[in-house]
Amino acid sequence: MKCQYCGTENADDAKFCAACGKPVTGQEEANDETEVAAEAAETPETAEKPETNEKTQKKKNSGNRKTKLMIILICVAAVIIFLAGFMIMRARKTINLDKYVSFESTGYEGSGDVYAQIDWQKVEKKYGSRLSLTKEFKEQYGIGADSVSPVDVLQSFISVEVESDSNLSNNDKVKYKWNINKEYSQYVKCRLKYKDGSYKVKGLEEVKSFDAFKDLDVKFNGTEPSGYVTWDYKGSGLTAADFQCEDYETLKNGDKIKIYLDKSKADEYSANFGKIPEKWEKEYTVKGLNYYITKSSELDDETLKEMQEQAEEEYHNHMDQHWGNYESLESLTYMGDYLLSSKEKNGNALYLVYHVKVRDAYSNGSESYDQVNDVYWFICYQDVLADGEGNLIVDISDYRTPKNKFTIRTDVKDQSMTDMLWKYYGYQTLDDLYKNVVTANESDYNHDDNVDASK
């Protein structure tokens with residue numbers, strides 16, 4: 001039956017429209033308005049039916065919406081629960097290494113050490129059952145993989161390093177860093193969390209100190225540049241063998257050297273003496289070594305006088321042994337010196353130079369020769385030293401004289417009818433002596449010239 005108000009098809013026995021709620025009748029009753037009105041008057045409850053059906057429909061629609069919302073909320077909650085579970089499972093396999101590193105300070109204030117260590121037992125206790133080995137590890141190690149703990153495998157890939165771990169005091173800050181071999185992920189199913197940081201030193205024992213170098217007797221010996229150092233300990237507890245020095249030889253005056261104690265023995269000193277050195281090394285300036293003089297001005301008058309006396313005695317002895325009746329000494333004059341010093345600073349030579357005037361006179365009855373000739377002669381002293389206070393050290397008995405000879409020839413015949421001649425050790429001119437003594441050695445020696453050529 002079609003509703004006369006909205007056109008909706010309804011069941012034949014329907015009294016009200018399912019869509020609009022208004023009463024429906026047969027076609028034959030459609031025009032009988034009086035009957036409809038009377039029917040409506042007789043049954044007032046029926047007049048309220050359309051409103052009741054409309055409310056029912058609204059309730060149904062509201063219920064549908066609530067159902068859909070509930071389904072959506074349930075789906076969202078399921079997703080959240082899934083993600084939360086995933087994150088929890090992931091977190092259960094993420095190891096925060098920073099929670100398991102600890103630091104140990106050992107030793108004494110000023111000489112302490114710091115060591116870092118990972119508490120793998122705690123890691124095993126918390127994560128041992130959560131972690132698993134990878135398929136790759138199991139394939140590589142076969143049956144033996146079943147007896148291996150994933151935490152044990154991790155240990156071979158992880159370490160922590162303290163950058164400065166010795167000679168420390170309380171409140172010093174030392175940096176540490178993690179050394180992680182990323183290949184661990186090929187064998188163990190887990191993630192690692194870590195961060196490099198720093199540690200403030202604490203817990204080092206306070207210990208008394210003493211001056212270990214107060215009773216150390218240090219001496220410098222020898223001649224530069226080959227000097228050397230020795231020492232002896234006059235105090236108690238320590239011995240000379242406790243002290244060390246790396247640059248103990250090939251020394252020169254003015255060099256700086258360090259004598260030191262082994263800092264690793266701080267615990268030993270503290271245990272044995274109840275104290276440790278207040279300083280572990282001390283710098284010394286090399287002094288007091290003998291050295292080769294390089295300037296004539298370093299010669300003192302007394303030593304120079306002894307050398308000159310030795311030179312003149314030597315020349316007179318030479319005259320007595322080698323001169324004949326036809327020659328005589330007119331004068332033996334000291335002219336000064338040439339001081340040659342090695343460029344390597346490992347030697348010197350002092351040449352005292354003399355101008356000798358010799359009268360050569362001979363006559364055969366018919367002709368004669370009488371003339372004063374010049375001889376330039378030297379005496380050389382090797383290794384003229386000065387001690388640490390500037391006092392000269394020289395062995396005046398150790399010297400040499402010229403091996404060079406020159407000849408003075410004449411036209412006067414001697415008894416054998418040969419030309420009369422004289423031979424002298426030395427040089428005929430000062431230039432000849434200079435070239436042989438100084439110029440010939442300039443490549444290896446510096447020289448200080450103090451010869452008065454006018455003498």
# chains A, B, ... in the order shown; residues from 1 in each chain; ligands from 1
call {"tool": "select_by_dssp", "arguments": {"residues": "segment 279-397 of chain A", "states": "alpha helix (DSSP H)", "output": "JSON, numbers by chain"}}
result
{"A": [301, 302, 303, 304, 305, 306, 307, 308, 309, 310, 311, 312, 313, 314, 315, 316, 317, 318, 319, 320, 321, 322]}
call {"tool": "select_by_dssp", "arguments": {"residues": "segment 201-235 of chain A", "states": "strand (DSSP E)", "output": "number ranges by chain"}}
result
A: 208-210, 216-221, 228-233
call {"tool": "closest_residue", "arguments": {"among": "A:Glu442, A:Glu163, A:Asp448, A:Glu183", "to": "Thr134 of chain A", "atoms": "only C-alpha atoms"}}
result
A:Glu183
call {"tool": "residues_around", "arguments": {"residues": "segment 328-338 of chain A", "least_positions_apart": "2", "cutoff": "7 Å", "atoms": "only C-alpha atoms", "output": "PDB file with N, CA and C atoms, in the first residue's frame"}}
result
ATOM      1  N   TYR A 326     180.370  27.394  12.514  1.00  0.00           N
ATOM      2  CA  TYR A 326     180.233  28.521  11.590  1.00  0.00           C
ATOM      3  C   TYR A 326     178.862  29.212  11.682  1.00  0.00           C
ATOM      4  N   LEU A 340     144.835  27.163  16.929  1.00  0.00           N
ATOM      5  CA  LEU A 340     143.896  26.453  16.052  1.00  0.00           C
ATOM      6  C   LEU A 340     142.963  25.599  16.916  1.00  0.00           C
ATOM      7  N   LEU A 350     148.198  24.898  19.957  1.00  0.00           N
ATOM      8  CA  LEU A 350     148.732  26.226  20.208  1.00  0.00           C
ATOM      9  C   LEU A 350     150.171  26.294  19.686  1.00  0.00           C
ATOM     10  N   TYR A 351     150.406  27.184  18.721  1.00  0.00           N
ATOM     11  CA  TYR A 351     151.729  27.363  18.131  1.00  0.00           C
ATOM     12  C   TYR A 351     152.343  28.650  18.675  1.00  0.00           C
ATOM     13  N   LEU A 352     153.431  28.510  19.442  1.00  0.00           N
ATOM     14  CA  LEU A 352     154.210  29.683  19.856  1.00  0.00           C
ATOM     15  C   LEU A 352     155.269  29.915  18.790  1.00  0.00           C
ATOM     16  N   VAL A 353     155.267  31.101  18.180  1.00  0.00           N
ATOM     17  CA  VAL A 353     156.111  31.390  17.012  1.00  0.00           C
ATOM     18  C   VAL A 353     157.301  32.260  17.432  1.00  0.00           C
ATOM     19  N   TYR A 354     158.484  31.872  16.924  1.00  0.00           N
ATOM     20  CA  TYR A 354     159.715  32.605  17.239  1.00  0.00           C
ATOM     21  C   TYR A 354     160.420  33.037  15.957  1.00  0.00           C
ATOM     22  N   HIS A 355     161.018  34.227  16.087  1.00  0.00           N
ATOM     23  CA  HIS A 355     161.885  34.717  15.015  1.00  0.00           C
ATOM     24  C   HIS A 355     163.332  34.538  15.474  1.00  0.00           C
ATOM     25  N   VAL A 356     164.035  33.626  14.778  1.00  0.00           N
ATOM     26  CA  VAL A 356     165.436  33.335  15.128  1.00  0.00           C
ATOM     27  C   VAL A 356     166.350  34.037  14.139  1.00  0.00           C
ATOM     28  N   LYS A 357     167.314  34.789  14.680  1.00  0.00           N
ATOM     29  CA  LYS A 357     168.331  35.410  13.824  1.00  0.00           C
ATOM     30  C   LYS A 357     169.643  34.650  14.042  1.00  0.00           C
ATOM     31  N   VAL A 358     170.150  34.084  12.929  1.00  0.00           N
ATOM     32  CA  VAL A 358     171.348  33.249  12.983  1.00  0.00           C
ATOM     33  C   VAL A 358     172.458  33.910  12.155  1.00  0.00           C
ATOM     34  N   ARG A 359     173.631  34.014  12.770  1.00  0.00           N
ATOM     35  CA  ARG A 359     174.773  34.520  11.991  1.00  0.00           C
ATOM     36  C   ARG A 359     175.516  33.317  11.408  1.00  0.00           C
ATOM     37  N   ASP A 360     175.553  33.300  10.059  1.00  0.00           N
ATOM     38  CA  ASP A 360     176.287  32.264   9.341  1.00  0.00           C
ATOM     39  C   ASP A 360     177.565  32.913   8.779  1.00  0.00           C
ATOM     40  N   HIS A 447     140.889  29.480  13.589  1.00  0.00           N
ATOM     41  CA  HIS A 447     142.188  29.948  14.108  1.00  0.00           C
ATOM     42  C   HIS A 447     142.077  31.357  14.668  1.00  0.00           C
ATOM     43  N   ASP A 448     142.841  31.582  15.688  1.00  0.00           N
ATOM     44  CA  ASP A 448     142.947  32.888  16.334  1.00  0.00           C
ATOM     45  C   ASP A 448     144.402  33.323  16.211  1.00  0.00           C
ATOM     46  N   ASP A 449     144.648  34.355  15.428  1.00  0.00           N
ATOM     47  CA  ASP A 449     146.023  34.780  15.087  1.00  0.00           C
ATOM     48  C   ASP A 449     146.452  35.937  15.990  1.00  0.00           C
ATOM     49  N   ASN A 450     147.560  35.703  16.658  1.00  0.00           N
ATOM     50  CA  ASN A 450     148.085  36.740  17.562  1.00  0.00           C
ATOM     51  C   ASN A 450     149.602  36.843  17.442  1.00  0.00           C
ATOM     52  N   VAL A 451     150.079  36.994  16.204  1.00  0.00           N
ATOM     53  CA  VAL A 451     151.515  37.071  15.925  1.00  0.00           C
ATOM     54  C   VAL A 451     151.837  38.495  15.433  1.00  0.00           C
ATOM     55  N   ASP A 452     152.859  39.079  16.014  1.00  0.00           N
ATOM     56  CA  ASP A 452     153.326  40.412  15.608  1.00  0.00           C
ATOM     57  C   ASP A 452     154.424  40.229  14.574  1.00  0.00           C
ATOM     58  N   ALA A 453     154.095  40.437  13.320  1.00  0.00           N
ATOM     59  CA  ALA A 453     155.044  40.181  12.229  1.00  0.00           C
ATOM     60  C   ALA A 453     156.215  41.146  12.231  1.00  0.00           C
ATOM     61  N   LYS A 455     158.159  41.736  14.699  1.00  0.00           N
ATOM     62  CA  LYS A 455     159.213  41.324  15.625  1.00  0.00           C
ATOM     63  C   LYS A 455     160.208  40.399  14.927  1.00  0.00           C
TER      64      LYS A 455
END
call {"tool": "atom_distance", "arguments": {"atom1": "atom CA of Val286 of chain A", "atom2": "atom CA of Ser236 of chain A"}}
result
25.8 Å
call {"tool": "closest_residue", "arguments": {"among": "A:Asp398, A:Asp215, A:Glu302, A:Asp152", "to": "Ile379 of chain A", "atoms": "only C-alpha atoms"}}
result
A:Asp398
call {"tool": "closest_atom_pairs", "arguments": {"of": "segment 82-143 of chain A", "to": "segment 269-283 of chain A", "cutoff": "10 Å", "atoms": "only C-alpha atoms", "output": "Markdown table"}}
result
| residue | atom | partner | partner_atom | distance |
| --- | --- | --- | --- | --- |
| A:Gly107 | CA | A:Ser270 | CA | 9.3 |
| A:Tyr108 | CA | A:Ser270 | CA | 8.5 |
| A:Glu109 | CA | A:Ile276 | CA | 9.9 |
| A:Gly110 | CA | A:Glu278 | CA | 9.0 |
| A:Ser111 | CA | A:Ile276 | CA | 9.3 |
call {"tool": "atom_distance", "arguments": {"atom1": "atom CA of Val188 of chain A", "atom2": "atom CA of Asp119 of chain A"}}
result
18.4 Å
call {"tool": "residues_around", "arguments": {"residues": "segment 413-421 of chain A", "least_positions_apart": "6", "cutoff": "9 Å", "atoms": "only C-alpha atoms", "output": "PyMOL selection string"}}
result
chain A and resi 362-364+367-369+407
call {"tool": "residues_around", "arguments": {"residues": "Thr239 of chain A", "least_positions_apart": "5", "cutoff": "12 Å", "atoms": "only C-alpha atoms", "output": "count of residues only"}}
result
11
